[in-house]
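Trainee: If it helps, the file is called run_12.cif and holds mmCIF, C-alpha atoms:
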data_upload
loop_
_atom_site.label_atom_id
_atom_site.label_comp_id
_atom_site.auth_asym_id
_atom_site.auth_seq_id
_atom_site.Cartn_x
_atom_site.Cartn_y
_atom_site.Cartn_z
CA LEU V 31 208.76 130.20 126.05
CA TYR V 32 207.42 131.73 122.84
CA LEU V 33 203.76 130.83 122.54
CA ALA V 34 202.94 130.97 118.81
CA VAL V 35 199.48 129.38 118.52
CA GLY V 36 197.14 129.94 115.60
CA HIS V 37 193.82 131.77 115.71
CA SER V 38 191.87 128.49 115.80
CA ALA V 39 193.77 126.75 118.62
CA ARG V 40 190.63 126.35 120.69
CA ASP V 41 191.86 123.46 122.83
CA SER V 42 194.96 125.50 123.66
CA PHE V 43 192.87 128.56 124.58
CA GLU V 44 190.85 126.40 126.98
CA MET V 45 194.03 125.04 128.54
CA PHE V 46 195.53 128.51 128.96
CA HIS V 47 192.36 129.68 130.70
CA LYS V 48 192.32 126.70 133.06
CA LYS V 49 196.02 127.19 133.88
CA GLY V 50 195.42 130.80 134.83
CA ILE V 51 197.16 132.54 131.94
CA ALA V 52 195.52 135.96 131.63
CA ILE V 53 193.35 136.11 128.51
CA GLU V 54 190.48 138.30 127.41
CA GLN V 55 187.83 138.60 124.70
CA LYS V 56 188.66 140.24 121.40
CA PRO V 57 186.47 141.58 118.56
CA ILE V 58 186.41 139.52 115.36
CA SER V 59 184.84 139.65 111.90
CA VAL V 60 182.38 137.00 110.68
CA GLY V 61 180.64 136.42 107.37
CA LEU V 62 180.74 134.24 104.28
CA ARG V 63 182.40 133.70 100.92
CA VAL V 64 181.08 135.49 97.84
CA GLU V 65 182.01 133.85 94.54
CA HIS V 66 181.69 134.88 90.90
CA PRO V 67 182.89 133.46 87.58
CA MET V 68 186.46 134.66 87.10
CA GLU V 69 185.44 136.23 83.77
CA THR V 70 182.88 138.40 85.57
CA ILE V 71 185.48 139.81 87.97
CA ASN V 72 187.92 140.31 85.09
CA LEU V 73 185.24 142.24 83.19
CA ILE V 74 184.54 144.46 86.21
CA ARG V 75 188.20 145.21 86.82
CA TYR V 76 189.74 145.19 83.31
CA GLY V 77 186.83 146.11 81.08
CA ASP V 78 185.69 144.34 77.93
CA LYS V 79 188.92 145.01 76.01
CA TYR V 80 191.26 143.27 78.44
CA LYS V 81 188.99 140.83 80.27
CA ASN V 82 190.56 137.83 78.49
CA PHE V 83 194.11 139.16 78.24
CA SER V 84 196.33 136.40 79.66
CA GLY V 85 199.27 138.70 80.37
CA ILE V 86 197.65 140.28 83.45
CA GLY V 87 196.07 137.19 85.01
CA ALA V 88 192.98 136.86 87.15
CA ALA V 89 191.75 140.14 88.59
CA THR V 90 191.63 141.03 92.28
CA TYR V 91 189.27 143.39 94.09
CA SER V 92 188.57 145.00 97.45
CA PHE V 93 185.22 146.26 98.75
CA ASN V 94 184.46 148.17 101.93
CA TYR V 95 181.29 149.49 103.53
CA ALA V 96 180.91 151.34 106.83
CA ASN V 97 177.78 152.01 108.84
CA ARG V 98 179.05 154.64 111.27
CA LYS V 99 175.73 154.90 113.07
CA ALA V 100 175.75 151.18 113.88
CA GLY V 101 179.51 151.14 114.42
CA ARG V 102 180.04 148.24 112.04
CA GLY V 103 182.00 147.70 108.89
CA VAL V 104 181.77 145.17 106.07
CA ASN V 105 184.84 144.34 104.02
CA THR V 106 186.28 141.77 101.67
CA PHE V 107 189.17 139.72 103.01
CA CYS V 108 191.53 137.07 101.61
CA MET V 109 190.44 137.59 98.00
CA CYS V 110 191.27 134.53 95.86
CA PRO V 111 191.44 135.28 92.09
CA GLY V 112 191.05 132.25 89.89
CA GLY V 113 190.66 130.18 93.05
CA GLU V 114 188.23 128.03 94.96
CA VAL V 115 186.24 127.88 98.18
CA VAL V 116 187.46 125.11 100.50
CA ASN V 117 186.40 123.39 103.70
CA ALA V 118 188.45 124.73 106.63
CA SER V 119 186.53 122.99 109.44
CA SER V 120 188.51 121.83 112.46
CA GLU V 121 185.78 120.16 114.53
CA ASP V 122 183.08 117.62 113.79
CA GLY V 123 179.64 119.12 113.32
CA MET V 124 180.90 122.62 112.54
CA MET V 125 181.21 124.02 109.01
CA VAL V 126 183.85 126.64 108.23
CA VAL V 127 184.93 127.76 104.76
CA ASN V 128 188.01 129.54 103.48
CA GLY V 129 189.39 130.43 100.07
CA MET V 130 192.57 129.66 98.17
CA SER V 131 194.22 130.08 94.78
CA TYR V 132 196.80 127.83 93.16
CA SER V 133 199.86 129.62 91.77
CA SER V 134 198.42 129.55 88.25
CA ARG V 135 195.20 131.27 89.39
CA SER V 136 193.47 129.44 86.57
CA SER V 137 190.20 128.33 88.17
CA GLU V 138 187.04 129.50 86.44
CA PHE V 139 185.94 131.18 89.69
CA SER V 140 187.09 134.03 91.92
CA ASN V 141 186.01 134.40 95.54
CA ALA V 142 186.56 136.50 98.64
CA ALA V 143 185.54 136.48 102.27
CA LEU V 144 182.94 139.13 103.01
CA VAL V 145 182.90 139.77 106.75
CA VAL V 146 181.13 141.97 109.30
CA THR V 147 182.64 143.58 112.38
CA CYS V 148 181.56 141.82 115.58
CA HIS V 149 182.06 143.53 118.96
CA THR V 150 182.62 141.75 122.26
CA ASP V 151 179.15 142.94 123.34
CA ASP V 152 177.75 140.67 120.63
CA TYR V 153 179.01 137.62 122.55
CA ARG V 154 176.54 138.32 125.37
CA SER V 155 178.90 136.90 127.97
CA THR V 156 181.88 138.10 129.97
CA ASP V 157 183.66 134.75 129.78
CA PRO V 158 187.10 135.14 128.14
CA LEU V 159 186.21 132.32 125.72
CA ALA V 160 182.79 133.73 124.76
CA GLY V 161 184.06 134.70 121.30
CA VAL V 162 184.94 131.07 120.62
CA GLU V 163 181.41 130.01 121.58
CA PHE V 164 180.02 132.76 119.34
CA GLN V 165 181.97 131.29 116.40
CA LYS V 166 180.88 127.75 117.26
CA GLY V 167 177.20 128.69 117.31
CA ILE V 168 177.38 129.97 113.73
CA GLU V 169 179.48 127.02 112.57
CA ARG V 170 176.98 124.49 113.97
CA LYS V 171 174.11 126.22 112.17
CA ALA V 172 176.11 126.22 108.93
CA PHE V 173 176.86 122.50 109.27
CA ASN V 174 173.21 121.65 109.92
CA ALA V 175 172.00 123.93 107.10
CA GLY V 176 174.28 122.00 104.76
CA GLY V 177 172.57 118.74 105.68
CA GLY V 178 175.18 117.46 108.13
CA LYS V 179 177.23 115.76 105.40
CA TRP V 180 179.94 118.40 104.94
CA GLU V 181 178.18 120.00 102.02
CA VAL V 182 178.26 123.78 102.24
CA PRO V 183 175.11 125.89 102.71
CA ALA V 184 174.81 128.30 99.80
CA GLN V 185 172.47 130.91 98.35
CA ASN V 186 172.52 132.82 95.11
CA LEU V 187 173.14 136.48 95.86
CA VAL V 188 169.95 137.70 94.17
CA ASP V 189 167.96 135.27 96.32
CA PHE V 190 169.70 136.50 99.47
CA LEU V 191 168.71 140.05 98.55
CA SER V 192 165.12 138.92 97.99
CA GLY V 193 164.95 136.81 101.15
CA ARG V 194 164.25 133.50 99.46
CA THR V 195 166.04 130.15 99.31
CA SER V 196 167.55 129.41 95.91
CA VAL V 197 165.83 126.82 93.74
CA ASP V 198 168.84 126.20 91.49
CA LEU V 199 172.23 127.15 92.88
CA ASN V 200 174.79 128.79 90.64
CA LYS V 201 177.72 126.65 89.64
CA ASN V 202 180.51 127.05 92.19
CA SER V 203 183.96 125.79 93.14
CA PHE V 204 183.21 123.95 96.41
CA LYS V 205 184.18 120.36 95.61
CA MET V 206 182.33 118.69 98.50
CA GLY V 207 178.94 119.87 97.23
CA ALA V 208 176.58 122.73 98.03
CA VAL V 209 173.05 122.73 99.47
CA ALA V 210 170.54 125.55 99.03
CA ALA V 211 169.96 127.30 102.35
CA ASN V 212 168.72 130.59 103.74
CA MET V 213 171.90 132.32 104.96
CA ASN V 214 169.80 134.59 107.19
CA GLU V 215 169.07 131.56 109.38
CA ILE V 216 172.77 130.88 109.95
CA PHE V 217 173.89 134.31 111.12
CA PRO V 218 172.72 136.65 113.86
CA LYS V 219 170.37 139.29 112.51
CA PHE V 220 172.92 142.12 112.71
CA ILE V 221 175.34 140.24 110.43
CA SER V 222 172.70 139.51 107.79
CA GLU V 223 171.48 143.11 107.87
CA ALA V 224 175.01 144.49 107.54
CA LEU V 225 175.70 142.25 104.53
CA LEU V 226 172.40 143.26 102.93
CA ASN V 227 173.15 146.97 103.43
CA ALA V 228 176.64 146.55 101.98
CA PHE V 229 175.36 144.84 98.84
CA ARG V 230 172.71 147.53 98.40
CA SER V 231 175.35 150.24 98.63
CA TRP V 232 177.51 148.57 95.94
CA GLU V 233 174.63 147.56 93.67
CA GLU V 234 174.36 150.75 91.63
CA GLU V 235 178.09 151.29 91.04
CA TYR V 236 179.01 147.63 90.52
CA PRO V 237 175.91 145.92 89.07
CA LEU V 238 177.88 142.90 87.83
CA PHE V 239 179.24 142.28 91.32
CA VAL V 240 175.79 142.45 92.89
CA SER V 241 174.03 140.31 90.29
CA ASP V 242 172.79 136.84 89.41
CA GLN V 243 176.43 135.94 88.67
CA ALA V 244 177.25 135.67 92.39
CA ILE V 245 176.73 132.97 95.00
CA LEU V 246 177.23 133.07 98.77
CA LEU V 247 178.76 130.17 100.71
CA GLY V 248 179.21 130.00 104.46
CA ALA V 249 180.26 130.37 107.05
CA GLU V 250 183.56 132.26 107.29
CA THR V 251 184.28 132.63 111.01
CA ARG V 252 188.06 132.32 111.38
CA THR V 253 189.39 135.64 110.09
CA SER V 254 191.15 136.37 113.38
CA SER V 255 191.48 135.15 116.97
CA PRO V 256 188.51 135.74 119.30
CA VAL V 257 190.96 135.68 122.21
CA ARG V 258 193.78 138.00 123.27
CA ILE V 259 196.50 136.64 125.58
CA LYS V 260 197.29 139.64 127.72
CA ARG V 261 200.88 140.81 127.55
CA SER V 262 202.94 143.82 128.56
CA GLU V 263 204.73 146.36 126.39
CA ARG V 264 207.73 144.01 126.65
CA TYR V 265 205.71 141.30 124.86
CA ASP V 266 205.66 138.97 127.87
CA SER V 267 202.54 137.64 129.61
CA VAL V 268 201.21 140.00 132.25
CA ASN V 269 201.11 137.23 134.87
CA ILE V 270 203.37 134.37 133.72
CA LYS V 271 207.09 135.08 133.82
CA ASN V 272 209.14 134.28 130.67
CA LEU V 273 206.02 133.48 128.58
CA TYR V 274 205.85 135.43 125.31
CA PRO V 275 202.51 135.13 123.43
CA ILE V 276 203.07 135.91 119.74
CA GLY V 277 201.35 135.53 116.37
CA GLU V 278 197.68 135.38 115.45
CA GLY V 279 196.59 133.27 118.40
CA SER V 280 197.92 135.89 120.79
CA GLY V 281 195.32 138.28 119.40
CA TYR V 282 197.70 141.03 118.35
CA THR V 283 198.30 140.24 114.67
CA GLY V 284 196.46 139.07 111.58
CA GLY V 285 198.20 137.23 108.78
CA ILE V 286 201.58 135.73 108.03
CA THR V 287 203.67 138.88 107.64
CA SER V 288 202.42 140.70 110.74
CA SER V 289 202.82 137.51 112.80
CA ALA V 290 206.42 137.14 111.67
CA ALA V 291 207.18 140.76 112.53
CA ASP V 292 205.53 140.30 115.93
CA ALA V 293 207.77 137.32 116.65
CA ILE V 294 210.94 139.23 115.74
CA LYS V 295 209.98 142.09 118.06
CA ALA V 296 209.15 139.66 120.89
CA VAL V 297 212.51 137.91 120.59
CA GLU V 298 214.35 141.23 120.59
CA CYS V 299 212.47 142.35 123.70
CA SER V 300 213.07 139.07 125.52
CA LEU V 301 216.82 139.37 124.91
CA ILE V 302 216.80 142.92 126.27
CA ASN V 303 214.77 141.81 129.30
CA VAL V 304 217.35 139.11 130.07
#
Please express the file's structure as structure tokens.
Mentor:
Amino acid sequence: LYLAVGHSARDSFEMFHKKGIAIEQKPISVGLRVEHPMETINLIRYGDKYKNFSGIGAATYSFNYANRKAGRGVNTFCMCPGGEVVNASSEDGMMVVNGMSYSSRSSEFSNAALVVTCHTDDYRSTDPLAGVEFQKGIERKAFNAGGGKWEVPAQNLVDFLSGRTSVDLNKNSFKMGAVAANMNEIFPKFISEALLNAFRSWEEEYPLFVSDQAILLGAETRTSSPVRIKRSERYDSVNIKNLYPIGEGSGYTGGITSSAADAIKAVECSLINV
């Protein structure tokens, strides 16, 4: 049996745990979506001469920040040029956002996930499903901060840096509506501080990125699986014979391509084991 669940298959994770399949906690990354006008990102990446040149399309970017003393990193993820921020919630009362671009990449906005490294110690529990509960806690706060009507909590970046709730939110792509909120109240303190430090480190070199052009929308909690289904070097479960956990939900891959490669390797190993 090839077990190819996704990273948000929470009901399946609970069932695996109850059935005695060996699983364990796994580190994840949690944060929010940062969005700018597409023209602003094009200007940063292409310069004034080519910012409106249609032949090269909407610009992409990648940002990274590492605090080695704290042992945490901040990085952009799933950057969506000429795209939009969308609701990716899977449970009532919990707000999760994601990003996407249509093939034309013609939206007036560009966004990316901006996420912080979270260690298993941050879960404050030894339960194998503690990472799921950690995600849920943030998602509930995001839902409530948005007013409980599926509007997204949001904060202009300059207001986040100043520690104040936005009076007038920047125009954004989230079609279900946005509500001004203090993002610091949604996340654990270490996440907010890591995001703040990252923006401060980029502010001087990329002033247009860290400017009044940007808005933050949250929360982004589903970048990877908070659970790892324990398996051997032969890709089979360590305690259930003929069970092969693969893909993102297994906790060993992240993304479409790596999941596909993982599946190919698991099938090859299972044939050899037979």
Trainee: Please identify all polymer residues within 6 Å of stretch 187-196 of chain V, counting all atoms listed in the file, omitting same-chain residues fewer than 4 positions from it, and present them as an NGL selection string.
Mentor: :V and (210-212 or 242 or 244-245)
Trainee: At a cut-off of 9 Å around the point (188.1, 142.2, 96.6) (file coordinates), what residues fall inside when counting all atoms listed in the file? I'd like the answer as a ChimeraX atom specification.
Mentor: /V:90-94,105-111,141-144
Trainee: Kindly save the residues from that selection, with C-alpha atoms included, as a PDB file, keeping the file's coordinate frame.
Mentor:
ATOM      1  CA  THR V  90     191.630 141.030  92.280  1.00  0.00           C
ATOM      2  CA  TYR V  91     189.270 143.390  94.090  1.00  0.00           C
ATOM      3  CA  SER V  92     188.570 145.000  97.450  1.00  0.00           C
ATOM      4  CA  PHE V  93     185.220 146.260  98.750  1.00  0.00           C
ATOM      5  CA  ASN V  94     184.460 148.170 101.930  1.00  0.00           C
ATOM      6  CA  ASN V 105     184.840 144.340 104.020  1.00  0.00           C
ATOM      7  CA  THR V 106     186.280 141.770 101.670  1.00  0.00           C
ATOM      8  CA  PHE V 107     189.170 139.720 103.010  1.00  0.00           C
ATOM      9  CA  CYS V 108     191.530 137.070 101.610  1.00  0.00           C
ATOM     10  CA  MET V 109     190.440 137.590  98.000  1.00  0.00           C
ATOM     11  CA  CYS V 110     191.270 134.530  95.860  1.00  0.00           C
ATOM     12  CA  PRO V 111     191.440 135.280  92.090  1.00  0.00           C
ATOM     13  CA  ASN V 141     186.010 134.400  95.540  1.00  0.00           C
ATOM     14  CA  ALA V 142     186.560 136.500  98.640  1.00  0.00           C
ATOM     15  CA  ALA V 143     185.540 136.480 102.270  1.00  0.00           C
ATOM     16  CA  LEU V 144     182.940 139.130 103.010  1.00  0.00           C
TER      17      LEU V 144
END
Trainee: For the point (184.1, 134.0, 83.2) in file coordinates, what residues are within 10 Å, counting only C-alpha atoms? Give the answer as a PyMOL selection string?
Mentor: chain V and resi 66-73+81-82+112+137-140+243
Trainee: Which residues are close to V:Asp266, i.e. within 10 Å by only C-alpha atoms, leaving aside same-chain residues fewer than 6 positions away? Reply as a ChimeraX atom specification.
Mentor: /V:31-33,259-260,272-276,296,299-300,303
Trainee: Which residues are close to stretch 216-223 of chain V, i.e. within 10 Å by all atoms listed in the file, leaving aside same-chain residues fewer than 3 positions away? Reply as a PyMOL selection string.
Mentor: chain V and resi 59-62+100+102+104+145-148+152+164+167-175+183+190+211-213+226-229+248-249
Trainee: Between atom CA of V:Met45 and atom CA of V:Ser119, what distance in Å does the model show, to one decimal?
Mentor: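 Computing it gives 20.6 Å between the two atoms.
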Trainee: Here's the selection I'm unsure about, the PyMOL selection byres ((chain V and resi 46) around 12); applied to the file above, which residues does it give, as a PyMOL selection string?
Mentor: chain V and resi 33+35+39-45+47-54+158-159+257-260+267+269-270+273+275+279-280
Trainee: Would you put the residues from that selection into a file with C-alpha atoms, as a PDB file, in the frame of the given file?
Mentor:
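See selection24.pdb below for the written result:
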ATOM      1  CA  LEU V  33     203.760 130.830 122.540  1.00  0.00           C
ATOM      2  CA  VAL V  35     199.480 129.380 118.520  1.00  0.00           C
ATOM      3  CA  ALA V  39     193.770 126.750 118.620  1.00  0.00           C
ATOM      4  CA  ARG V  40     190.630 126.350 120.690  1.00  0.00           C
ATOM      5  CA  ASP V  41     191.860 123.460 122.830  1.00  0.00           C
ATOM      6  CA  SER V  42     194.960 125.500 123.660  1.00  0.00           C
ATOM      7  CA  PHE V  43     192.870 128.560 124.580  1.00  0.00           C
ATOM      8  CA  GLU V  44     190.850 126.400 126.980  1.00  0.00           C
ATOM      9  CA  MET V  45     194.030 125.040 128.540  1.00  0.00           C
ATOM     10  CA  HIS V  47     192.360 129.680 130.700  1.00  0.00           C
ATOM     11  CA  LYS V  48     192.320 126.700 133.060  1.00  0.00           C
ATOM     12  CA  LYS V  49     196.020 127.190 133.880  1.00  0.00           C
ATOM     13  CA  GLY V  50     195.420 130.800 134.830  1.00  0.00           C
ATOM     14  CA  ILE V  51     197.160 132.540 131.940  1.00  0.00           C
ATOM     15  CA  ALA V  52     195.520 135.960 131.630  1.00  0.00           C
ATOM     16  CA  ILE V  53     193.350 136.110 128.510  1.00  0.00           C
ATOM     17  CA  GLU V  54     190.480 138.300 127.410  1.00  0.00           C
ATOM     18  CA  PRO V 158     187.100 135.140 128.140  1.00  0.00           C
ATOM     19  CA  LEU V 159     186.210 132.320 125.720  1.00  0.00           C
ATOM     20  CA  VAL V 257     190.960 135.680 122.210  1.00  0.00           C
ATOM     21  CA  ARG V 258     193.780 138.000 123.270  1.00  0.00           C
ATOM     22  CA  ILE V 259     196.500 136.640 125.580  1.00  0.00           C
ATOM     23  CA  LYS V 260     197.290 139.640 127.720  1.00  0.00           C
ATOM     24  CA  SER V 267     202.540 137.640 129.610  1.00  0.00           C
ATOM     25  CA  ASN V 269     201.110 137.230 134.870  1.00  0.00           C
ATOM     26  CA  ILE V 270     203.370 134.370 133.720  1.00  0.00           C
ATOM     27  CA  LEU V 273     206.020 133.480 128.580  1.00  0.00           C
ATOM     28  CA  PRO V 275     202.510 135.130 123.430  1.00  0.00           C
ATOM     29  CA  GLY V 279     196.590 133.270 118.400  1.00  0.00           C
ATOM     30  CA  SER V 280     197.920 135.890 120.790  1.00  0.00           C
TER      31      SER V 280
END
Trainee: Under the rule that only C-alpha atoms are counted, which of V:Val240, V:Ala208, V:Ala224, V:Val182 is the nearest residue to V:Val126?
Mentor: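 When distances to V:Val126 are compared using only C-alpha atoms, the smallest one comes from V:Val182.
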Trainee: Could stretch 264-278 of chain V be completed with N, CA and C atoms and written as a tab-separated table (two decimals), keeping the file's coordinate frame, please?
Mentor:
chain	number	residue	atom	x	y	z
V	264	ARG	N	206.51	144.78	126.91
V	264	ARG	CA	207.73	144.01	126.65
V	264	ARG	C	207.43	142.67	125.98
V	265	TYR	N	206.17	142.49	125.58
V	265	TYR	CA	205.71	141.30	124.86
V	265	TYR	C	205.57	140.05	125.72
V	266	ASP	N	205.81	140.14	127.02
V	266	ASP	CA	205.66	138.97	127.87
V	266	ASP	C	204.28	138.98	128.54
V	267	SER	N	203.84	137.78	128.93
V	267	SER	CA	202.54	137.64	129.61
V	267	SER	C	202.50	138.52	130.84
V	268	VAL	N	201.33	139.09	131.11
V	268	VAL	CA	201.21	140.00	132.25
V	268	VAL	C	201.29	139.27	133.59
V	269	ASN	N	201.09	137.94	133.58
V	269	ASN	CA	201.11	137.23	134.87
V	269	ASN	C	201.92	135.93	134.88
V	270	ILE	N	202.53	135.57	133.75
V	270	ILE	CA	203.37	134.37	133.72
V	270	ILE	C	204.77	134.76	133.26
V	271	LYS	N	205.73	134.65	134.12
V	271	LYS	CA	207.09	135.08	133.82
V	271	LYS	C	207.69	134.24	132.70
V	272	ASN	N	208.41	134.91	131.78
V	272	ASN	CA	209.14	134.28	130.67
V	272	ASN	C	208.23	133.62	129.63
V	273	LEU	N	206.94	133.98	129.60
V	273	LEU	CA	206.02	133.48	128.58
V	273	LEU	C	205.73	134.62	127.61
V	274	TYR	N	206.01	134.39	126.33
V	274	TYR	CA	205.85	135.43	125.31
V	274	TYR	C	204.81	134.99	124.28
V	275	PRO	N	203.56	135.46	124.41
V	275	PRO	CA	202.51	135.13	123.43
V	275	PRO	C	202.74	135.93	122.14
V	276	ILE	N	202.82	135.25	121.01
V	276	ILE	CA	203.07	135.91	119.74
V	276	ILE	C	202.15	135.35	118.65
V	277	GLY	N	202.10	136.04	117.52
V	277	GLY	CA	201.35	135.53	116.37
V	277	GLY	C	199.85	135.78	116.45
V	278	GLU	N	199.12	135.13	115.55
V	278	GLU	CA	197.68	135.38	115.45
V	278	GLU	C	196.91	134.93	116.68
